[in-house]
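S.K.: Below is the structure I would like to discuss, written out as structure tokens.
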Protein chains: 2
Amino acid sequence: MTLRNKTRIEQLMDDIRQQIASRALTPGSRLPSVRARAQSAGISVSTVVEAYDRLEAESVIVSRPGAGFFVSGPIAPLDLAQLAPTVERDVDPLWITRQALDAAPDRPKPGCGWMPPEWMYEEGIRRALRKAARSESALLTDYAVPAGSAELRQLLTRRLAAYGLSATPDQLLLTDSGTHSIDLICRFLLEPGDTVLVDDPCYFNFHALLRAQRVQVVGIPWTLQGPDLAAFQQALTQHAPRLYITNSGIHNPTGGTLSPTTAHRLLKIAENSDLVIVEDDIFADLETHTAPRLAALDGFARVMVIGSFSKTVSASVRCGYIAAKPTWVEKLIDMKIATGFSSGRLAADLLLNVLKDSGYRRHLEAIKLRLADSRRQVMQRLGEVGIRPWLVPQSGLFLWCELPEGLDAAEFSRACLRQGVVLAPGNTFSQSGSCDRFLRFNVSQCGDERIYRVLKDVIQS
Amino acid sequence: MTLRNKTRIEQLMDDIRQQIASRALTPGSRLPSVRARAQSAGISVSTVVEAYDRLEAESVIVSRPGAGFFVSGPIAPLDLAQLAPTVERDVDPLWITRQALDAAPDRPKPGCGWMPPEWMYEEGIRRALRKAARSESALLTDYAVPAGSAELRQLLTRRLAAYGLSATPDQLLLTDSGTHSIDLICRFLLEPGDTVLVDDPCYFNFHALLRAQRVQVVGIPWTLQGPDLAAFQQALTQHAPRLYITNSGIHNPTGGTLSPTTAHRLLKIAENSDLVIVEDDIFADLETHTAPRLAALDGFARVMVIGSFSKTVSASVRCGYIAAKPTWVEKLIDMKIATGFSSGRLAADLLLNVLKDSGYRRHLEAIKLRLADSRRQVMQRLGEVGIRPWLVPQSGLFLWCELPEGLDAAEFSRACLRQGVVLAPGNTFSQSGSCDRFLRFNVSQCGDERIYRVLKDVIQS
């Protein structure tokens, strides 16, 4: 139900439910009196009376005669969808993700964030699986060591060195995924109510993850050189944020990169603050030119790097990493043990063998050429219906495109979904609502003719 | 450093550090005046002055002349070890886990919670790996569906039915492990400061996990019939707990089981409360007699069941599950996506193929006989040095044993560790301190002669 269709009563009921879901109102706490609520919300007393009565009928609140209305126990389970009720479902990260993950294999999903199976290095995985089948028992059945495979951590330090990141194996821990890495870091650093900075727009699952952390999120507009430094400075002064989560390498969703000047100046701005920065580096292997890494300039003093190989090797084999200073790594390992006990030993071994496989590098070179080709073709086809990219990326999966004037990306996506095509509308990536005419296209998922037929059809209707 | 060796100054500094680590004192908040602190702690003013000065030298606190001492920002990262500073390292769950996971393969670890590789169904894993190597690309490289493999969920519902648990596939979601399952449930249901009930003693990683959730933990003494129902009733009345986490099947660490009467009465006691119960069922496949499942009596109204196959199939292939009512499953899937994006598709497929493998059932039958044999032998050998079990379990890995009079299990474990044997002292499993003479032995890890030599040696010294 969109906002304009709700009655005042329903809107008030939703507001109260959301206050309860977000624990702004806890069980046993007293609601404002009918009169006070009516006054502060600028609505009639009868509206409030009706809303309170309906909520009482649903047992969400309970009235104690002479005392007022109180929130019923127990505390509501954490409903991440309910925590952002003003976010329409069409641009809700959780709903978008479900659409993409649940879609049948043949369903075109030009908005999704991963490559089709045939673009991934599957022969490497097959080879690694056969090798694992012949390996010693402990690999197949035993737990991993707390930090995760020493050999994989060593290999990762060598890969990081190629980006100017100087790390020793005790500065790495293995996790289950890039998302798991960021989640561990958030649980380690954040308190409910803290402020976290993200790019605007940013990878949409950051918004869902930060909802679970119960923090305030402030978006820093992304420019052609990276984050808007004036806005960044302002946010530091105004909000004293604890964390800034960004991409290094290739920005999701714009495909842009951080300029060396921006990287250097950003760290200078952060210098006298307590800000910790997380660089999400999961698209590193798709880069054609090496962008600056904040951690390379900072030396892991306040920056942590996270990554995985879900985007280039396999999303099915779950393995990620965190690179950070050793004191933090030790505590993150404790957090990992307490909340998940162990990351996958077999998964780490499979990944290790793929990364050691000489065919992987050749595969990446071929994929990068293929992506460049597809990028050109997709820009051409989209241009034919008036959909144009905000910038032309040097590398990566994405084209961040603007719809022709007058079209709303959420409505547009809804219409395309009705015809079987799953898009990624801009406001999923942005809480500021400034991306309502944008869509993210994944050039490796745009081969299906049906996509262009549907786009043309919806634009013309 | 044990408590008796710390000076008063060091003790006060540790107390203050712990208040900061637990966020009882937050950055910017003012510490008690020197005089007030001295008075309330019953120590001299000079002690407090020295402690405050040393903390200021470390930049933990800062003095503002005329105003007092204040906690320095930023908020300390969450140090799970620091959150329980009164727990001696020797019985700290995180330290115990690290000892066991880091131990060289040939190091005897009779206290650990898993079977050696040669007891696990490795041939099933090998077969499944070879099959996976020949499978379609999507299995090897693509994300899982949000709830996890439909086929595995269906198979799990059939397995659960054997325990009287009537669930449909939409009542299941796959996770990365049993610990991950419980962690998702905790994040879903709990607020910092909530009370959670556990058995006393219980699986020690519950204590570490609940530290990360910042909840108050109350232990319910475990009796020969299961939880002490009078204590359970009292805890419900006194604490209004939100969650009770327990084992179904075989209790960890005692090896005991819930009696049908206790199961029924426990649910009746909980009837008018908001308590949610989580049954951790990870040892199900080792049962020789089927114990009652609370969820079978309750029908998933307030009970959730979690499990994995880490204990019988593989700890290296990470896959667990949650069974609960559908509305909760949906929200738990959202939590899973937000914080980890996807559970392992390949891991679920490998596990599915092992569970479908007819050899697995035969393997389990052989293992249960082997465990029964080992249990008898280990009880005999331990009895020779005066170490006796609290009860003789019908099934499972564990013997929960009492040391001879006068011996402290933590000191005993420390002494054995110096000789290379990794034990699990009782107070790791119990916050009440009532298990200081107990040790948990894993009968599948007691084959090494060195163990008995060291035990005898330490007892006699």
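Just remember, in the structure tokens the first chain shown is A, the second B, etc., residues are 1-based per chain, and ligands are 1-based in the order shown.
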Using only C-alpha atoms, which residues sit within 8 Å of A:Val329 once same-chain residues fewer than 6 positions away are excluded, as a short mmCIF file (atom, residue, chain, number, x, y, z; two decimals) with N, CA and C atoms, in the first residue's frame?

M.R.:
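Dumped everything to around.cif:
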data_model
loop_
_atom_site.label_atom_id
_atom_site.label_comp_id
_atom_site.auth_asym_id
_atom_site.auth_seq_id
_atom_site.Cartn_x
_atom_site.Cartn_y
_atom_site.Cartn_z
N ASP A 170 48.95 -12.52 10.18
CA ASP A 170 48.23 -12.31 11.45
C ASP A 170 47.31 -11.10 11.39
N GLN A 171 47.34 -10.40 10.25
CA GLN A 171 46.39 -9.30 10.06
C GLN A 171 45.17 -9.75 9.27
N LEU A 172 45.08 -11.06 9.02
CA LEU A 172 43.91 -11.56 8.29
C LEU A 172 43.13 -12.57 9.09
N LEU A 173 41.81 -12.54 8.93
CA LEU A 173 41.00 -13.66 9.38
C LEU A 173 40.03 -14.00 8.27
N ILE A 322 38.79 -10.60 6.31
CA ILE A 322 38.98 -9.25 6.84
C ILE A 322 40.49 -9.05 7.01
N ALA A 323 40.99 -7.88 6.59
CA ALA A 323 42.37 -7.49 6.85
C ALA A 323 42.33 -6.25 7.73
#

S.K.: Residues of stretch 108-213 of chain B in strand (DSSP E) according to DSSP, as a compact mmCIF listing (two decimals) with C-alpha atoms, in the first residue's frame?

M.R.:
# COMPACT_ATOMS: atom_id res chain seq x y z
CA LEU B 172 12.65 -24.61 7.82
CA LEU B 173 15.52 -22.38 6.84
CA LEU B 174 19.10 -23.40 6.26
CA THR B 175 21.95 -21.60 7.99
CA THR B 195 17.35 -12.36 30.46
CA VAL B 196 18.12 -15.71 28.86
CA LEU B 197 17.92 -19.05 30.62
CA VAL B 198 20.41 -21.80 29.98
CA ASP B 199 21.05 -25.12 31.66
CA ASP B 200 23.67 -25.19 34.39

S.K.: From the list A:Pro253, A:Gly344, A:Gly359, A:Gly28, which residue is nearest chain B when using only C-alpha atoms?

M.R.: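 Of all the options, A:Gly344 lies closest to chain B.
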
S.K.: Could you tell me which of B:Gly320, B:Gly256, B:Pro393, B:Gly299 comes closest to chain A if we count only C-alpha atoms?

M.R.: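 For chain A, the nearest of the given residues is B:Gly320.
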
S.K.: At what distance in Å, to one decimal, does atom CA of B:Gln377 lie from atom CA of B:Asp457?

M.R.: 19.6 Å

S.K.: Please list as a ChimeraX atom specification every residue within 7 Å of stretch 154-157 of chain B, counting only C-alpha atoms and excluding residues in the same chain fewer than 6 positions away.

M.R.: /B:167-169

S.K.: How about saving the chosen residues, N, CA, C and O atoms kept, as a compact mmCIF listing (two decimals), in the first residue's frame?

M.R.:
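Saved result, selection-v5.txt, follows:
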# COMPACT_ATOMS: atom_id res chain seq x y z
N ALA B 167 6.68 -30.83 10.83
CA ALA B 167 7.02 -29.55 10.20
C ALA B 167 6.89 -29.68 8.69
O ALA B 167 7.13 -30.74 8.12
N THR B 168 6.50 -28.58 8.05
CA THR B 168 6.49 -28.53 6.59
C THR B 168 7.73 -27.75 6.13
O THR B 168 8.30 -27.00 6.93
N PRO B 169 8.15 -27.91 4.87
CA PRO B 169 9.39 -27.26 4.42
C PRO B 169 9.41 -25.75 4.61
O PRO B 169 10.50 -25.17 4.78

S.K.: Taking the DSSP assignment computed from this structure's backbone, write out as number ranges by chain all residues of stretch 358-454 of chain B that belong to alpha helix (DSSP H).

M.R.: B: 358-384, 409-418, 449-454

S.K.: One decimal, Å: what's the distance from atom CA of B:Arg370 over to atom CA of B:Cys112, could you say?

M.R.: 17.7 Å

S.K.: Name the residues in contact with B:Trp328 at a cut-off of 12 Å, using only C-alpha atoms, excluding same-chain residues fewer than 2 positions from it; report them as a PyMOL selection string.

M.R.: (chain A and resi 76-80) or (chain B and resi 170-173+184-185+188-189+276+300-304+322-326+330-335)

S.K.: Please produce an output containing N, CA and C atoms for each residue in the selection, written as an mmCIF file, in the first residue's frame.

M.R.:
data_model
loop_
_atom_site.group_PDB
_atom_site.id
_atom_site.type_symbol
_atom_site.label_atom_id
_atom_site.label_comp_id
_atom_site.auth_asym_id
_atom_site.auth_seq_id
_atom_site.Cartn_x
_atom_site.Cartn_y
_atom_site.Cartn_z
ATOM 1 N N ALA A 76 8.568 -7.073 20.499
ATOM 2 C CA ALA A 76 8.367 -7.671 19.186
ATOM 3 C C ALA A 76 9.673 -8.230 18.661
ATOM 4 N N PRO A 77 9.630 -9.414 18.047
ATOM 5 C CA PRO A 77 10.840 -9.898 17.398
ATOM 6 C C PRO A 77 11.293 -8.887 16.349
ATOM 7 N N LEU A 78 12.582 -8.900 16.059
ATOM 8 C CA LEU A 78 13.139 -7.901 15.165
ATOM 9 C C LEU A 78 12.706 -8.176 13.731
ATOM 10 N N ASP A 79 11.856 -7.353 13.232
ATOM 11 C CA ASP A 79 11.323 -7.499 11.890
ATOM 12 C C ASP A 79 12.013 -6.444 11.034
ATOM 13 N N LEU A 80 13.044 -6.872 10.299
ATOM 14 C CA LEU A 80 13.846 -5.901 9.558
ATOM 15 C C LEU A 80 13.020 -5.163 8.512
ATOM 16 N N ASP B 170 8.255 -25.103 4.620
ATOM 17 C CA ASP B 170 8.246 -23.644 4.845
ATOM 18 C C ASP B 170 8.497 -23.298 6.310
ATOM 19 N N GLN B 171 8.619 -24.313 7.132
ATOM 20 C CA GLN B 171 8.981 -24.081 8.539
ATOM 21 C C GLN B 171 10.474 -24.268 8.768
ATOM 22 N N LEU B 172 11.213 -24.445 7.676
ATOM 23 C CA LEU B 172 12.650 -24.607 7.816
ATOM 24 C C LEU B 172 13.422 -23.566 7.052
ATOM 25 N N LEU B 173 14.550 -23.133 7.634
ATOM 26 C CA LEU B 173 15.517 -22.384 6.843
ATOM 27 C C LEU B 173 16.888 -22.964 7.125
ATOM 28 N N LEU B 184 21.239 -16.180 14.973
ATOM 29 C CA LEU B 184 20.166 -15.501 14.238
ATOM 30 C C LEU B 184 18.931 -15.360 15.127
ATOM 31 N N ILE B 185 18.598 -16.432 15.844
ATOM 32 C CA ILE B 185 17.421 -16.398 16.720
ATOM 33 C C ILE B 185 17.602 -15.349 17.821
ATOM 34 N N PHE B 188 17.178 -11.922 16.546
ATOM 35 C CA PHE B 188 15.774 -11.753 16.185
ATOM 36 C C PHE B 188 14.921 -11.422 17.415
ATOM 37 N N LEU B 189 15.231 -12.057 18.543
ATOM 38 C CA LEU B 189 14.332 -11.986 19.703
ATOM 39 C C LEU B 189 14.808 -11.096 20.843
ATOM 40 N N VAL B 276 10.306 -17.967 24.867
ATOM 41 C CA VAL B 276 10.550 -18.750 23.660
ATOM 42 C C VAL B 276 11.639 -19.763 24.014
ATOM 43 N N PHE B 300 5.683 -26.208 17.750
ATOM 44 C CA PHE B 300 6.345 -24.986 17.278
ATOM 45 C C PHE B 300 5.603 -23.695 17.626
ATOM 46 N N ALA B 301 4.742 -23.734 18.637
ATOM 47 C CA ALA B 301 4.071 -22.505 19.041
ATOM 48 C C ALA B 301 5.064 -21.551 19.700
ATOM 49 N N ARG B 302 5.816 -22.071 20.677
ATOM 50 C CA ARG B 302 6.835 -21.235 21.311
ATOM 51 C C ARG B 302 8.224 -21.852 21.217
ATOM 52 N N VAL B 303 8.326 -23.052 20.636
ATOM 53 C CA VAL B 303 9.612 -23.748 20.584
ATOM 54 C C VAL B 303 10.174 -23.703 19.169
ATOM 55 N N MET B 304 11.478 -23.526 19.067
ATOM 56 C CA MET B 304 12.194 -23.637 17.802
ATOM 57 C C MET B 304 13.238 -24.731 17.974
ATOM 58 N N ILE B 322 17.165 -24.168 11.044
ATOM 59 C CA ILE B 322 16.222 -23.772 12.089
ATOM 60 C C ILE B 322 14.852 -24.267 11.657
ATOM 61 N N ALA B 323 14.107 -24.877 12.603
ATOM 62 C CA ALA B 323 12.709 -25.223 12.360
ATOM 63 C C ALA B 323 11.864 -24.395 13.322
ATOM 64 N N ALA B 324 10.897 -23.667 12.778
ATOM 65 C CA ALA B 324 10.085 -22.769 13.609
ATOM 66 C C ALA B 324 8.778 -22.478 12.879
ATOM 67 N N LYS B 325 7.922 -21.705 13.516
ATOM 68 C CA LYS B 325 6.675 -21.375 12.822
ATOM 69 C C LYS B 325 6.961 -20.446 11.640
ATOM 70 N N PRO B 326 6.135 -20.563 10.586
ATOM 71 C CA PRO B 326 6.430 -19.884 9.316
ATOM 72 C C PRO B 326 6.636 -18.365 9.418
ATOM 73 N N GLU B 330 10.164 -16.594 8.091
ATOM 74 C CA GLU B 330 10.270 -15.514 7.114
ATOM 75 C C GLU B 330 11.166 -14.389 7.606
ATOM 76 N N LYS B 331 11.007 -14.002 8.857
ATOM 77 C CA LYS B 331 11.799 -12.890 9.396
ATOM 78 C C LYS B 331 13.245 -13.308 9.666
ATOM 79 N N LEU B 332 13.410 -14.584 10.008
ATOM 80 C CA LEU B 332 14.773 -15.076 10.213
ATOM 81 C C LEU B 332 15.517 -15.124 8.871
ATOM 82 N N ILE B 333 14.797 -15.420 7.802
ATOM 83 C CA ILE B 333 15.422 -15.383 6.479
ATOM 84 C C ILE B 333 15.878 -13.959 6.162
ATOM 85 N N ASP B 334 15.052 -12.978 6.474
ATOM 86 C CA ASP B 334 15.454 -11.580 6.262
ATOM 87 C C ASP B 334 16.735 -11.275 7.051
ATOM 88 N N MET B 335 16.781 -11.746 8.296
ATOM 89 C CA MET B 335 17.964 -11.498 9.131
ATOM 90 C C MET B 335 19.189 -12.171 8.523
#

S.K.: Near A:Val385, counting only C-alpha atoms, which residues have an atom at most 10 Å away, once you skip same-chain residues fewer than 4 positions from it, shown as a count of residues only?

M.R.: 10

S.K.: Need the shell around B:Val317: protein/DNA/RNA residues with any atom at most 10 Å away, counting only C-alpha atoms. Skip same-chain ones fewer than 6 positions apart. Format as an MDAnalysis selection string?

M.R.: (chainID A and resid 139:143 317 343:347) or (chainID B and resid 125 176:177 309:310 344 346:348 350:351)

S.K.: Create the file for the chosen residues now, containing N, CA, C and O atoms and written as an mmCIF file, in the first residue's frame.

M.R.:
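This went into result.cif:
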data_model
loop_
_atom_site.group_PDB
_atom_site.id
_atom_site.type_symbol
_atom_site.label_atom_id
_atom_site.label_comp_id
_atom_site.auth_asym_id
_atom_site.auth_seq_id
_atom_site.Cartn_x
_atom_site.Cartn_y
_atom_site.Cartn_z
ATOM 1 N N LEU A 139 40.711 -32.521 6.448
ATOM 2 C CA LEU A 139 40.196 -31.447 5.589
ATOM 3 C C LEU A 139 38.695 -31.598 5.351
ATOM 4 O O LEU A 139 37.967 -30.628 5.259
ATOM 5 N N LEU A 140 38.243 -32.830 5.281
ATOM 6 C CA LEU A 140 36.854 -33.078 4.901
ATOM 7 C C LEU A 140 35.893 -33.019 6.079
ATOM 8 O O LEU A 140 34.695 -32.837 5.892
ATOM 9 N N THR A 141 36.415 -33.209 7.295
ATOM 10 C CA THR A 141 35.504 -33.373 8.428
ATOM 11 C C THR A 141 35.824 -32.518 9.648
ATOM 12 O O THR A 141 34.967 -32.358 10.514
ATOM 13 N N ASP A 142 37.014 -31.958 9.711
ATOM 14 C CA ASP A 142 37.427 -31.264 10.928
ATOM 15 C C ASP A 142 37.198 -29.760 10.841
ATOM 16 O O ASP A 142 37.067 -29.192 9.754
ATOM 17 N N TYR A 143 37.161 -29.129 12.016
ATOM 18 C CA TYR A 143 37.002 -27.676 12.067
ATOM 19 C C TYR A 143 38.247 -26.969 11.535
ATOM 20 O O TYR A 143 39.347 -27.512 11.575
ATOM 21 N N VAL A 317 30.346 -21.331 -2.804
ATOM 22 C CA VAL A 317 31.385 -21.711 -1.837
ATOM 23 C C VAL A 317 31.645 -20.486 -0.980
ATOM 24 O O VAL A 317 32.153 -19.478 -1.465
ATOM 25 N N SER A 343 34.611 -20.822 10.598
ATOM 26 C CA SER A 343 34.294 -20.623 9.181
ATOM 27 C C SER A 343 34.694 -21.894 8.432
ATOM 28 O O SER A 343 35.454 -22.719 8.940
ATOM 29 N N GLY A 344 34.166 -22.045 7.215
ATOM 30 C CA GLY A 344 34.260 -23.317 6.514
ATOM 31 C C GLY A 344 35.666 -23.719 6.102
ATOM 32 O O GLY A 344 36.332 -23.019 5.335
ATOM 33 N N ARG A 345 36.133 -24.846 6.648
ATOM 34 C CA ARG A 345 37.469 -25.321 6.298
ATOM 35 C C ARG A 345 37.515 -25.787 4.855
ATOM 36 O O ARG A 345 38.450 -25.462 4.112
ATOM 37 N N LEU A 346 36.516 -26.559 4.423
ATOM 38 C CA LEU A 346 36.501 -27.042 3.049
ATOM 39 C C LEU A 346 36.367 -25.882 2.072
ATOM 40 O O LEU A 346 37.056 -25.827 1.054
ATOM 41 N N ALA A 347 35.494 -24.934 2.391
ATOM 42 C CA ALA A 347 35.299 -23.783 1.506
ATOM 43 C C ALA A 347 36.616 -23.035 1.298
ATOM 44 O O ALA A 347 36.953 -22.655 0.177
ATOM 45 N N ILE B 125 31.362 -37.910 2.396
ATOM 46 C CA ILE B 125 31.752 -36.585 1.902
ATOM 47 C C ILE B 125 32.513 -36.721 0.591
ATOM 48 O O ILE B 125 32.285 -35.961 -0.364
ATOM 49 N N ASP B 176 24.356 -21.487 8.365
ATOM 50 C CA ASP B 176 25.725 -21.957 8.192
ATOM 51 C C ASP B 176 26.148 -22.972 9.251
ATOM 52 O O ASP B 176 27.170 -23.638 9.093
ATOM 53 N N SER B 177 25.386 -23.070 10.350
ATOM 54 C CA SER B 177 25.790 -23.959 11.436
ATOM 55 C C SER B 177 24.773 -23.869 12.558
ATOM 56 O O SER B 177 23.906 -22.987 12.553
ATOM 57 N N PHE B 309 24.914 -30.953 11.179
ATOM 58 C CA PHE B 309 25.499 -32.289 11.128
ATOM 59 C C PHE B 309 27.006 -32.208 11.352
ATOM 60 O O PHE B 309 27.755 -33.074 10.936
ATOM 61 N N SER B 310 27.419 -31.149 12.066
ATOM 62 C CA SER B 310 28.842 -30.962 12.379
ATOM 63 C C SER B 310 29.396 -32.085 13.227
ATOM 64 O O SER B 310 30.591 -32.320 13.233
ATOM 65 N N GLY B 344 25.550 -21.422 2.341
ATOM 66 C CA GLY B 344 26.285 -22.106 1.277
ATOM 67 C C GLY B 344 25.463 -23.080 0.459
ATOM 68 O O GLY B 344 24.929 -24.053 0.995
ATOM 69 N N LEU B 346 26.675 -24.967 -2.076
ATOM 70 C CA LEU B 346 27.425 -26.211 -2.253
ATOM 71 C C LEU B 346 27.400 -27.033 -0.970
ATOM 72 O O LEU B 346 27.209 -28.244 -0.993
ATOM 73 N N ALA B 347 27.582 -26.351 0.174
ATOM 74 C CA ALA B 347 27.594 -27.060 1.455
ATOM 75 C C ALA B 347 26.282 -27.817 1.661
ATOM 76 O O ALA B 347 26.273 -28.974 2.088
ATOM 77 N N ALA B 348 25.167 -27.171 1.336
ATOM 78 C CA ALA B 348 23.865 -27.815 1.504
ATOM 79 C C ALA B 348 23.738 -29.021 0.580
ATOM 80 O O ALA B 348 23.197 -30.057 0.953
ATOM 81 N N LEU B 350 26.231 -30.890 -0.630
ATOM 82 C CA LEU B 350 27.080 -31.981 -0.147
ATOM 83 C C LEU B 350 26.393 -32.705 1.002
ATOM 84 O O LEU B 350 26.338 -33.930 1.050
ATOM 85 N N LEU B 351 25.846 -31.923 1.929
ATOM 86 C CA LEU B 351 25.173 -32.532 3.074
ATOM 87 C C LEU B 351 23.969 -33.355 2.620
ATOM 88 O O LEU B 351 23.746 -34.470 3.095
#

S.K.: Counting only C-alpha atoms, what is within 9 Å of A:Pro192, bar same-chain residues fewer than 5 positions away, as a PyMOL selection string?

M.R.: chain A and resi 213-216

S.K.: Restricting the calculation to only C-alpha atoms, which member of B:Gly148, B:Gly340, B:Pro93, B:Gly111 is positioned closest to B:Trp400?

M.R.: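 For B:Trp400, the nearest of the given residues is B:Gly111.
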
S.K.: Rank nothing, just name the residue among B:Ala212, B:Ala424, B:Gly396, B:Glu151 nearest to B:Gly255, using only C-alpha atoms.

M.R.: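 Residue with the minimum atom-to-atom distance to B:Gly255: B:Gly396.
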